[in-house]
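Have a look at the structure below, then the notes.
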Amino acid sequence: MTKQKGITASKDNDFSEWYTQVIQKADLIEYTDVSGCYILKPRAYAIWEKLQEFFNKELKKRNIKNAYFPLLIPEHLLMKEKEHVKGFSPEVAWVTHSGDTKLAERLAVRPTSETIMYDAYAKWIRSHNDLPLKLNQWCNVVRWEFKNPVPFLRSREFLWQEGHTVFATKKEAEIEVYDILSVYKRIFEELYAVPVIEGTKSVKEKFAGADFTTSVETFLPSGKAIQGATSHHLGQNFSKAFDITFLDKDSNKQYAWQNSWGITTRSIGIMIMMHSDDKGLVLPPRVAPTQIVIVPIVFEDSKKNVLNKVKEIAKQLKSLNVEIDDRDNYSPGWKFNEWEMKGIPIRIEIGPKDVSKNQAVLVRRDTGEEKIVKISEIKTIAPKMLDDIQKNLFNKAKKFMDSNIVEVENFKDFVKAIKDKKMVKAQWCNNPVCEEKIKDKMGGAKSLNIPFVQLKISGKCVCCDEKAKVVALFAKSY
Ligand code: 86X
């Protein structure tokens with residue numbers, strides 16, 4: 001029998017080695033010869049499909065349509081709005097040749113699709129009757145980052161959806177920005193069991209092309225915060241650059257109001273880091289491609305009996321995603337480890353003694369708790385247990401996040417909290433110069449967002465003694 005190696009690094013002592021092992025041993029990720037480019041194996045891609053399924057339903061409710069724009073963006077288009085490309089240009093990957101022949105114009109591999117989409121939008125939009133125009137695309141993008149790559153969190157190619165919407169009025173656009181952010185919050189909290197904080201980005205951290213940027217942020221057991229998704233109100237910045245205009249009801253020419261928003265495969269990494277443990281992956285039931293695995297404990301003489309019972313149990317659980325592991329070249333113990341590493345929420349063990357008592361053992365992945373259950377009751381108990389696991393993971397993560405937020409009133413406590421790897425809540429001036437200072441003095445800590453839920457603002461900025469304008473969250477982050 002093959003000896004199986006479990007996770008050898010601990011989450012508390014060597015987070016990054018632990019994560020590297022978890023994603024490979026759970027069969028989610030394979031490395032390739034290109035640094036920063038990873039294979040998403042079926043178990044990882046299935047999680048992405050759960051997100052897609054949820055989000056596509058929400059798009060439909062809002063009459064937002066899916067479409068697909070080309071991967072390659074000609075240089076003149078990408079450079080049309082130089083302001084927005086500025087800081088990003090070192091990350092753009094270019095196609096320069098076909099075979100050995102140089103192209104007349106370089107083509108960018110899309111790092112984001114504003115330019116190619118808005119060039120088309122300018123042609124499509126003529127009158128107020130053409131608005132709103134609301135499109136989304138599911139695609140891959142490439143950003144040639146130079147920071148060290150981390151699978152899911154910071155890869156050079158990743159999957160995302162990018163929504164790009166156009167409205168006749170600022171008001172409609174603003175309502176949508178917040179509405180979409182709330183869908184992202186639901187993805188994290190309801191599917192991934194990851195609590196997030198909604199807020200507005202600081203002047204320094206917002207997307208340069210946006211009037212304002214909103215985000216959901218969370219805090220990971222590595223001691224770093226991370227942005228989960230963003231929703232931007234672009235105002236008329238792009239409509240002016242790309243000449244997206246319409247004739248209003250009085251036949252006056254108007255510039256349109258726009259939003260863009262996105263969530264990426266990074267979200268999968270956030271969920272993995274939040275919940276997984278030293279035994280491996282822990283998956284919230286709502287995104288687990290397999291929710292229950294049944295492992296029969298077989299001996300030659302009782303094999304048939306046990307396997308029949310297993311089938312009976314699986315039949316009862318038809319509405320859930322159940323896998324039966326009846327491989328006979330692995331021991332039950334080996335299989336238990338394997339399914340724990342792969343994060344399956346519930347394991348059902350059943351051997352000849354259980355069969356004779358008409359029972360099975362249900363083992364929860366999140367707590368390790370074992371429960372002996374009458375076979376006839378599995379169909380009612382298992383779905384409840386899945387719900388309970390989903391809730392427990394969220395509550396645990398919420399407690400963790402909340403307990404890592406420190407409110408500070410002076411600079412000294414600010415420095416200490418950042419050193420202690422906390423998320424800091426403080427009254428602040430929201431001045432980019434002040435934020436630059438914070439970054440310098442705090443080893444790269446920056447503002448995450450300015451939470452929608454604000455506390456009373458009564459005093460001075462925690463850093464520069466100017467009048468505080470907002471309460472903001474700060475931390476070292478990915
Ligand atoms: C900003 C903004 C926006 C649609 C989103 O955040 C959600 C979905 N797009 C993306 N951004 C860039 O504009 C950008 C541009 C270039 Cl040229 C680049 F190389 C990297 C970029 N990264 C982010």
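Letters A, B, ... go to the chains of the structure tokens in the order shown; residues in each chain start at 1; ligands are counted from 1 in the same order.
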
Next item on the list: Fewer than 3 positions away in the same chain doesn't count, so skip those; otherwise give me all residues within 12 Å of Lys82 of chain A, counting only C-alpha atoms, as number ranges by chain.
Entry: A: 75-79, 85-89, 115, 208-209, 237-238, 241-242

Let me see the file: selected residues, all heavy atoms, as a compact mmCIF listing (two decimals), in the first residue's frame.
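So part_31.txt came out as:
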# COMPACT_ATOMS: atom_id res chain seq x y z
N GLU A 75 -2.40 48.59 -29.84
CA GLU A 75 -1.71 49.57 -28.99
C GLU A 75 -2.40 50.93 -28.99
O GLU A 75 -2.54 51.56 -27.94
CB GLU A 75 -0.25 49.71 -29.45
CG GLU A 75 0.53 50.66 -28.56
CD GLU A 75 2.03 50.50 -28.70
OE1 GLU A 75 2.48 49.96 -29.74
OE2 GLU A 75 2.74 50.92 -27.78
N HIS A 76 -2.85 51.39 -30.16
CA HIS A 76 -3.43 52.74 -30.21
C HIS A 76 -4.67 52.84 -29.34
O HIS A 76 -4.95 53.88 -28.77
CB HIS A 76 -3.73 53.16 -31.67
CG HIS A 76 -4.93 52.49 -32.26
ND1 HIS A 76 -4.85 51.27 -32.92
CD2 HIS A 76 -6.24 52.83 -32.28
CE1 HIS A 76 -6.07 50.92 -33.32
NE2 HIS A 76 -6.93 51.85 -32.94
N LEU A 77 -5.40 51.74 -29.22
CA LEU A 77 -6.60 51.76 -28.36
C LEU A 77 -6.21 51.76 -26.88
O LEU A 77 -6.75 52.52 -26.09
CB LEU A 77 -7.45 50.52 -28.63
CG LEU A 77 -8.70 50.68 -29.48
CD1 LEU A 77 -9.53 49.40 -29.41
CD2 LEU A 77 -9.52 51.89 -29.03
N LEU A 78 -5.26 50.90 -26.53
CA LEU A 78 -4.85 50.82 -25.12
C LEU A 78 -4.30 52.16 -24.64
O LEU A 78 -4.46 52.52 -23.47
CB LEU A 78 -3.79 49.73 -24.95
CG LEU A 78 -3.56 49.32 -23.49
CD1 LEU A 78 -4.73 48.49 -22.97
CD2 LEU A 78 -2.27 48.54 -23.32
N MET A 79 -3.66 52.90 -25.57
CA MET A 79 -3.02 54.16 -25.19
C MET A 79 -3.95 55.36 -25.28
O MET A 79 -3.55 56.48 -25.00
CB MET A 79 -1.78 54.40 -26.07
CG MET A 79 -0.69 53.37 -25.86
SD MET A 79 -0.35 53.13 -24.09
CE MET A 79 0.64 51.65 -24.12
N VAL A 85 -3.62 54.07 -17.89
CA VAL A 85 -2.67 53.00 -18.17
C VAL A 85 -1.33 53.26 -17.49
O VAL A 85 -0.59 52.34 -17.20
CB VAL A 85 -2.46 52.86 -19.70
CG1 VAL A 85 -1.45 51.79 -20.04
CG2 VAL A 85 -3.78 52.56 -20.38
N LYS A 86 -1.09 54.52 -17.21
CA LYS A 86 0.20 55.01 -16.69
C LYS A 86 0.94 54.03 -15.78
O LYS A 86 1.86 53.36 -16.22
CB LYS A 86 -0.04 56.32 -15.95
CG LYS A 86 0.88 57.45 -16.37
CD LYS A 86 0.61 58.56 -15.41
CE LYS A 86 1.02 59.94 -15.72
NZ LYS A 86 0.22 60.87 -14.91
N GLY A 87 0.52 53.91 -14.55
CA GLY A 87 1.24 53.08 -13.59
C GLY A 87 1.28 51.61 -13.97
O GLY A 87 2.09 50.85 -13.46
N PHE A 88 0.40 51.20 -14.88
CA PHE A 88 0.26 49.78 -15.20
C PHE A 88 1.14 49.31 -16.35
O PHE A 88 1.33 48.11 -16.52
CB PHE A 88 -1.20 49.48 -15.58
CG PHE A 88 -2.19 49.69 -14.50
CD1 PHE A 88 -3.27 50.54 -14.67
CD2 PHE A 88 -2.08 49.00 -13.29
CE1 PHE A 88 -4.21 50.72 -13.66
CE2 PHE A 88 -3.01 49.17 -12.29
CZ PHE A 88 -4.08 50.03 -12.47
N SER A 89 1.65 50.24 -17.17
CA SER A 89 2.24 49.82 -18.45
C SER A 89 3.35 48.76 -18.34
O SER A 89 3.46 47.93 -19.24
CB SER A 89 2.68 51.02 -19.27
OG SER A 89 3.52 51.84 -18.50
N THR A 115 -10.69 49.62 -22.68
CA THR A 115 -10.41 50.32 -23.94
C THR A 115 -11.11 49.66 -25.12
O THR A 115 -11.74 50.33 -25.93
CB THR A 115 -8.90 50.41 -24.18
OG1 THR A 115 -8.34 49.09 -24.09
CG2 THR A 115 -8.24 51.30 -23.15
N ALA A 208 -7.48 54.93 -10.85
CA ALA A 208 -7.25 56.29 -11.36
C ALA A 208 -8.34 56.72 -12.34
O ALA A 208 -8.66 57.91 -12.44
CB ALA A 208 -5.89 56.36 -12.03
N GLY A 209 -8.93 55.75 -13.04
CA GLY A 209 -9.97 56.09 -14.00
C GLY A 209 -11.35 56.29 -13.39
O GLY A 209 -12.32 56.55 -14.11
N ASN A 237 -15.43 59.97 -16.96
CA ASN A 237 -14.00 59.98 -17.35
C ASN A 237 -13.75 59.23 -18.65
O ASN A 237 -13.09 59.74 -19.55
CB ASN A 237 -13.14 59.38 -16.24
CG ASN A 237 -13.31 60.13 -14.93
OD1 ASN A 237 -13.53 61.34 -14.95
ND2 ASN A 237 -13.23 59.43 -13.81
N PHE A 238 -14.28 58.02 -18.75
CA PHE A 238 -14.05 57.24 -19.97
C PHE A 238 -14.97 57.70 -21.10
O PHE A 238 -14.58 57.64 -22.27
CB PHE A 238 -14.23 55.74 -19.70
CG PHE A 238 -13.05 55.10 -19.02
CD1 PHE A 238 -13.00 54.97 -17.62
CD2 PHE A 238 -11.96 54.64 -19.75
CE1 PHE A 238 -11.91 54.40 -17.00
CE2 PHE A 238 -10.87 54.06 -19.14
CZ PHE A 238 -10.84 53.94 -17.75
N ALA A 241 -13.14 60.34 -22.77
CA ALA A 241 -11.96 59.87 -23.50
C ALA A 241 -12.33 59.08 -24.75
O ALA A 241 -11.64 59.13 -25.76
CB ALA A 241 -11.09 59.02 -22.59
N PHE A 242 -13.44 58.33 -24.68
CA PHE A 242 -13.83 57.47 -25.80
C PHE A 242 -15.03 58.00 -26.58
O PHE A 242 -15.55 57.33 -27.47
CB PHE A 242 -14.09 56.03 -25.30
CG PHE A 242 -12.82 55.30 -24.97
CD1 PHE A 242 -12.20 55.47 -23.73
CD2 PHE A 242 -12.22 54.49 -25.92
CE1 PHE A 242 -11.01 54.82 -23.44
CE2 PHE A 242 -11.02 53.84 -25.63
CZ PHE A 242 -10.41 54.01 -24.38

Checklist line | Near-ligand residues for ligand 1, threshold 6 Å, only C-alpha atoms and all ligand atoms, as number ranges by chain | finding: A: 84-85, 88-89, 91-92, 111-112, 143, 162, 207, 230, 260-262

Item checked: Lys279 of chain A surroundings by only C-alpha atoms, 7 Å radius, close-in-sequence under 3 positions cut, as a PyMOL selection string -> chain A and resi 6-7+340-341

With N, CA and C atoms retained, could you export that selection as a CSV table (one decimal), in the first residue's frame?
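Below is the file part_0.csv, written as the result:
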chain,number,residue,atom,x,y,z
A,6,GLY,N,0.9,13.6,4.4
A,6,GLY,CA,-0.1,14.7,4.6
A,6,GLY,C,0.7,16.0,4.5
A,7,ILE,N,0.0,17.0,5.0
A,7,ILE,CA,0.6,18.4,5.1
A,7,ILE,C,1.6,18.4,6.2
A,340,GLU,N,-9.8,14.3,3.8
A,340,GLU,CA,-9.6,15.5,4.7
A,340,GLU,C,-8.7,16.5,4.0
A,341,MET,N,-7.7,16.0,3.3
A,341,MET,CA,-6.8,16.9,2.6
A,341,MET,C,-7.5,17.6,1.5

Margin query: Residues near Val177 of chain A, anyone? I mean within 10 Å using only C-alpha atoms, not counting same-chain ones fewer than 5 positions away, as a list in words.
Written below: Thr165, Glu172, Ser182, Phe212, Thr213, Thr214, Thr230, Ser231, His232, His233, Leu234, Gln258, Asn259, Ser260 and Trp261 of chain A

Note to self: Applying 12 Å and only C-alpha atoms, which residues near Lys315 of chain A remain after dropping the ones on its own chain fewer than 4 positions away? List them as an MDAnalysis selection string.
What the structure shows: chainID A and resid 294 308:311 319:324 375:376 378:379

Output file for the selection above: all heavy atoms, as a CSV table (one decimal), in the first residue's frame:
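Wrote it out as result_16.csv, contents follow:
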chain,number,residue,atom,x,y,z
A,294,ILE,N,-18.6,8.9,0.9
A,294,ILE,CA,-18.9,7.7,1.7
A,294,ILE,C,-17.7,6.7,1.5
A,294,ILE,O,-17.4,6.4,0.4
A,294,ILE,CB,-20.2,7.0,1.2
A,294,ILE,CG1,-21.3,8.1,1.1
A,294,ILE,CG2,-20.6,5.9,2.1
A,294,ILE,CD1,-22.6,7.6,0.6
A,308,ASN,N,-23.8,-2.6,-0.6
A,308,ASN,CA,-25.3,-2.4,-0.8
A,308,ASN,C,-25.8,-1.2,0.0
A,308,ASN,O,-26.6,-0.4,-0.4
A,308,ASN,CB,-26.1,-3.7,-0.5
A,308,ASN,CG,-26.0,-4.6,-1.7
A,308,ASN,OD1,-25.8,-4.1,-2.9
A,308,ASN,ND2,-26.2,-5.9,-1.5
A,309,LYS,N,-25.4,-1.2,1.3
A,309,LYS,CA,-25.8,-0.2,2.2
A,309,LYS,C,-25.3,1.2,1.7
A,309,LYS,O,-26.1,2.2,1.8
A,309,LYS,CB,-25.3,-0.4,3.6
A,309,LYS,CG,-26.2,-1.2,4.5
A,309,LYS,CD,-27.5,-0.5,4.8
A,309,LYS,CE,-28.5,-1.4,5.6
A,309,LYS,NZ,-29.9,-1.4,5.3
A,310,VAL,N,-24.1,1.2,1.3
A,310,VAL,CA,-23.5,2.4,0.8
A,310,VAL,C,-24.4,3.0,-0.4
A,310,VAL,O,-24.7,4.2,-0.4
A,310,VAL,CB,-22.1,2.2,0.3
A,310,VAL,CG1,-21.6,3.4,-0.6
A,310,VAL,CG2,-21.2,2.0,1.5
A,311,LYS,N,-24.8,2.1,-1.3
A,311,LYS,CA,-25.6,2.5,-2.4
A,311,LYS,C,-26.9,3.1,-1.9
A,311,LYS,O,-27.5,4.1,-2.4
A,311,LYS,CB,-25.9,1.4,-3.4
A,311,LYS,CG,-24.7,1.3,-4.4
A,311,LYS,CD,-25.0,0.2,-5.4
A,311,LYS,CE,-23.7,-0.4,-5.9
A,311,LYS,NZ,-23.7,-1.9,-6.0
A,319,SER,N,-30.0,14.6,-3.7
A,319,SER,CA,-30.0,16.0,-3.9
A,319,SER,C,-28.7,16.7,-3.5
A,319,SER,O,-28.5,17.9,-3.8
A,319,SER,CB,-31.2,16.6,-3.1
A,319,SER,OG,-31.0,16.4,-1.8
A,320,LEU,N,-27.8,15.9,-2.9
A,320,LEU,CA,-26.5,16.5,-2.6
A,320,LEU,C,-25.4,15.9,-3.5
A,320,LEU,O,-25.7,15.0,-4.2
A,320,LEU,CB,-26.2,16.2,-1.1
A,320,LEU,CG,-27.2,16.6,-0.1
A,320,LEU,CD1,-26.9,16.0,1.3
A,320,LEU,CD2,-27.3,18.1,0.0
A,321,ASN,N,-24.2,16.5,-3.5
A,321,ASN,CA,-23.1,16.0,-4.3
A,321,ASN,C,-22.4,15.0,-3.5
A,321,ASN,O,-21.6,15.3,-2.6
A,321,ASN,CB,-22.2,17.1,-4.7
A,321,ASN,CG,-22.9,18.1,-5.6
A,321,ASN,OD1,-23.6,17.7,-6.5
A,321,ASN,ND2,-22.7,19.4,-5.4
A,322,VAL,N,-22.6,13.7,-3.8
A,322,VAL,CA,-22.0,12.6,-3.0
A,322,VAL,C,-21.1,11.8,-3.9
A,322,VAL,O,-21.3,11.5,-5.1
A,322,VAL,CB,-23.1,11.7,-2.5
A,322,VAL,CG1,-22.5,10.5,-1.7
A,322,VAL,CG2,-24.1,12.5,-1.6
A,323,GLU,N,-19.9,11.4,-3.3
A,323,GLU,CA,-19.0,10.5,-4.0
A,323,GLU,C,-18.8,9.3,-3.1
A,323,GLU,O,-18.9,9.3,-1.9
A,323,GLU,CB,-17.6,11.2,-4.1
A,323,GLU,CG,-17.0,11.1,-5.4
A,323,GLU,CD,-15.7,12.0,-5.5
A,323,GLU,OE1,-15.8,13.2,-5.6
A,323,GLU,OE2,-14.6,11.4,-5.4
A,324,ILE,N,-18.7,8.1,-3.8
A,324,ILE,CA,-18.5,6.9,-3.1
A,324,ILE,C,-17.0,6.5,-3.4
A,324,ILE,O,-16.6,6.4,-4.5
A,324,ILE,CB,-19.4,5.8,-3.6
A,324,ILE,CG1,-20.9,6.2,-3.3
A,324,ILE,CG2,-19.0,4.4,-2.9
A,324,ILE,CD1,-21.9,5.2,-3.9
A,375,ILE,N,-29.3,4.9,9.7
A,375,ILE,CA,-29.3,5.0,8.3
A,375,ILE,C,-30.5,5.8,7.7
A,375,ILE,O,-30.4,6.6,6.9
A,375,ILE,CB,-29.0,3.7,7.6
A,375,ILE,CG1,-27.6,3.3,7.8
A,375,ILE,CG2,-29.4,3.7,6.1
A,375,ILE,CD1,-27.1,2.0,7.3
A,376,SER,N,-31.6,5.4,8.3
A,376,SER,CA,-32.9,6.1,7.9
A,376,SER,C,-32.9,7.6,8.2
A,376,SER,O,-33.7,8.3,7.6
A,376,SER,CB,-34.1,5.4,8.5
A,376,SER,OG,-34.0,5.6,9.9
A,378,ILE,N,-30.1,9.6,8.0
A,378,ILE,CA,-29.0,10.3,7.3
A,378,ILE,C,-29.5,11.4,6.4
A,378,ILE,O,-29.0,12.5,6.4
A,378,ILE,CB,-28.1,9.4,6.5
A,378,ILE,CG1,-27.3,8.5,7.5
A,378,ILE,CG2,-27.0,10.2,5.7
A,378,ILE,CD1,-26.4,7.5,6.9
A,379,LYS,N,-30.6,11.1,5.7
A,379,LYS,CA,-31.1,12.1,4.7
A,379,LYS,C,-31.6,13.4,5.4
A,379,LYS,O,-31.6,14.4,4.7
A,379,LYS,CB,-32.2,11.5,3.8
A,379,LYS,CG,-33.5,11.1,4.5
A,379,LYS,CD,-34.5,10.7,3.4
A,379,LYS,CE,-35.8,10.2,3.9
A,379,LYS,NZ,-35.6,8.9,4.7

Next item on the list: Within segment 72-204 of chain A, find each residue whose DSSP state, derived from the backbone, is strand (DSSP E or B), and express the selection as a PyMOL selection string.
Entry: chain A and resi 72-74+94-98+101-109+127+133-142+150+154+157-167+197-200

Keeping only N, CA and C atoms, write those residues as a short mmCIF file (atom, residue, chain, number, x, y, z; two decimals), in the first residue's frame.
data_model
loop_
_atom_site.label_atom_id
_atom_site.label_comp_id
_atom_site.auth_asym_id
_atom_site.auth_seq_id
_atom_site.Cartn_x
_atom_site.Cartn_y
_atom_site.Cartn_z
N LEU A 72 -6.97 40.41 -27.76
CA LEU A 72 -5.86 41.27 -28.18
C LEU A 72 -6.34 42.69 -28.44
N ILE A 73 -5.65 43.63 -27.84
CA ILE A 73 -6.04 45.04 -27.93
C ILE A 73 -4.93 45.82 -28.65
N PRO A 74 -5.25 46.43 -29.79
CA PRO A 74 -4.22 47.17 -30.51
C PRO A 74 -3.68 48.33 -29.66
N TRP A 94 2.79 41.91 -24.56
CA TRP A 94 2.53 42.30 -25.95
C TRP A 94 2.74 41.15 -26.92
N VAL A 95 1.89 41.09 -27.94
CA VAL A 95 2.11 40.23 -29.10
C VAL A 95 2.73 41.12 -30.16
N THR A 96 3.93 40.74 -30.61
CA THR A 96 4.67 41.60 -31.55
C THR A 96 4.88 40.96 -32.92
N HIS A 97 4.77 39.63 -32.98
CA HIS A 97 5.10 38.94 -34.23
C HIS A 97 4.03 37.91 -34.59
N SER A 98 3.93 37.63 -35.89
CA SER A 98 3.27 36.39 -36.34
C SER A 98 4.36 35.60 -37.02
N THR A 101 7.49 37.38 -38.64
CA THR A 101 7.16 38.69 -39.21
C THR A 101 6.63 39.64 -38.14
N LYS A 102 7.23 40.80 -38.10
CA LYS A 102 6.80 41.79 -37.12
C LYS A 102 5.43 42.35 -37.52
N LEU A 103 4.56 42.50 -36.54
CA LEU A 103 3.24 43.08 -36.82
C LEU A 103 3.38 44.58 -37.05
N ALA A 104 2.49 45.11 -37.85
CA ALA A 104 2.50 46.56 -38.12
C ALA A 104 2.22 47.33 -36.82
N GLU A 105 1.35 46.77 -36.01
CA GLU A 105 1.06 47.39 -34.71
C GLU A 105 1.09 46.32 -33.64
N ARG A 106 1.71 46.63 -32.50
CA ARG A 106 1.73 45.67 -31.39
C ARG A 106 0.31 45.47 -30.87
N LEU A 107 0.06 44.27 -30.34
CA LEU A 107 -1.24 43.97 -29.74
C LEU A 107 -1.03 43.60 -28.27
N ALA A 108 -1.76 44.26 -27.42
CA ALA A 108 -1.66 43.94 -25.99
C ALA A 108 -2.54 42.75 -25.67
N VAL A 109 -2.03 41.85 -24.85
CA VAL A 109 -2.89 40.82 -24.27
C VAL A 109 -3.68 41.54 -23.17
N SER A 127 -28.50 57.24 -28.85
CA SER A 127 -29.54 58.02 -28.18
C SER A 127 -29.83 57.45 -26.80
N LEU A 133 -26.75 50.43 -21.20
CA LEU A 133 -26.07 49.32 -21.88
C LEU A 133 -25.28 48.59 -20.79
N LYS A 134 -25.63 47.33 -20.57
CA LYS A 134 -25.03 46.63 -19.43
C LYS A 134 -24.48 45.27 -19.87
N LEU A 135 -23.15 45.21 -20.00
CA LEU A 135 -22.52 43.96 -20.44
C LEU A 135 -21.52 43.46 -19.40
N ASN A 136 -21.39 42.14 -19.41
CA ASN A 136 -20.40 41.49 -18.55
C ASN A 136 -19.63 40.52 -19.42
N GLN A 137 -18.34 40.32 -19.11
CA GLN A 137 -17.68 39.19 -19.76
C GLN A 137 -16.87 38.38 -18.77
N TRP A 138 -16.93 37.06 -19.00
CA TRP A 138 -16.10 36.11 -18.25
C TRP A 138 -14.89 35.84 -19.12
N CYS A 139 -13.72 36.07 -18.60
CA CYS A 139 -12.53 35.85 -19.44
C CYS A 139 -11.27 35.72 -18.58
N ASN A 140 -10.17 35.53 -19.29
CA ASN A 140 -8.86 35.56 -18.63
C ASN A 140 -8.20 36.89 -18.92
N VAL A 141 -7.35 37.35 -18.02
CA VAL A 141 -6.54 38.53 -18.28
C VAL A 141 -5.10 38.24 -17.87
N VAL A 142 -4.18 39.01 -18.45
CA VAL A 142 -2.76 38.83 -18.13
C VAL A 142 -2.19 40.15 -17.61
N VAL A 150 1.71 34.29 -6.13
CA VAL A 150 1.09 33.36 -5.19
C VAL A 150 -0.13 32.77 -5.90
N ARG A 154 -2.08 36.05 -6.52
CA ARG A 154 -1.34 36.93 -7.42
C ARG A 154 -0.71 36.10 -8.52
N GLU A 157 -1.65 35.30 -15.03
CA GLU A 157 -2.89 35.16 -15.77
C GLU A 157 -3.94 34.75 -14.76
N PHE A 158 -5.10 35.36 -14.83
CA PHE A 158 -6.18 34.90 -13.95
C PHE A 158 -7.52 35.00 -14.66
N LEU A 159 -8.53 34.37 -14.06
CA LEU A 159 -9.90 34.42 -14.60
C LEU A 159 -10.68 35.45 -13.80
N TRP A 160 -11.60 36.11 -14.46
CA TRP A 160 -12.47 37.03 -13.76
C TRP A 160 -13.74 37.24 -14.55
N GLN A 161 -14.63 38.02 -13.97
CA GLN A 161 -15.69 38.64 -14.75
C GLN A 161 -15.43 40.11 -14.65
N GLU A 162 -15.64 40.81 -15.78
CA GLU A 162 -15.59 42.26 -15.74
C GLU A 162 -16.90 42.80 -16.29
N GLY A 163 -17.58 43.57 -15.48
CA GLY A 163 -18.84 44.18 -15.89
C GLY A 163 -18.58 45.62 -16.28
N HIS A 164 -19.19 46.04 -17.40
CA HIS A 164 -18.99 47.42 -17.88
C HIS A 164 -20.36 47.96 -18.28
N THR A 165 -20.85 48.91 -17.50
CA THR A 165 -22.22 49.38 -17.73
C THR A 165 -22.24 50.89 -18.02
N VAL A 166 -23.24 51.29 -18.79
CA VAL A 166 -23.36 52.69 -19.22
C VAL A 166 -24.78 53.17 -18.96
N PHE A 167 -24.88 54.36 -18.39
CA PHE A 167 -26.20 54.90 -18.03
C PHE A 167 -26.34 56.34 -18.53
N ILE A 197 -15.67 43.42 4.62
CA ILE A 197 -16.08 44.78 5.00
C ILE A 197 -16.21 45.61 3.73
N GLU A 198 -17.41 46.16 3.53
CA GLU A 198 -17.65 47.00 2.36
C GLU A 198 -17.23 48.43 2.66
N GLY A 199 -16.65 49.07 1.66
CA GLY A 199 -16.28 50.46 1.88
C GLY A 199 -15.83 51.13 0.59
N THR A 200 -15.41 52.38 0.74
CA THR A 200 -14.92 53.17 -0.38
C THR A 200 -13.40 53.26 -0.29
#

Next item on the list: Go through A:Lys224, A:Arg286, A:His128, A:Lys204 one by one, measure the shortest atom-to-atom distance of each to Asp250 of chain A using only C-alpha atoms, and give the residue with the smallest value.
Entry: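 Smallest separation from Asp250 of chain A among the options: A:His128.
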
Note to self: Give me, as a ChimeraX atom specification, all polymer residues having an atom no more than 12 Å from Leu473 of chain A, counting only C-alpha atoms and skipping those fewer than 6 positions away in the same chain.
What the structure shows: /A:197-202,215-219,225-227,404-408,414,417-418,422-428,430,435,445-455,462
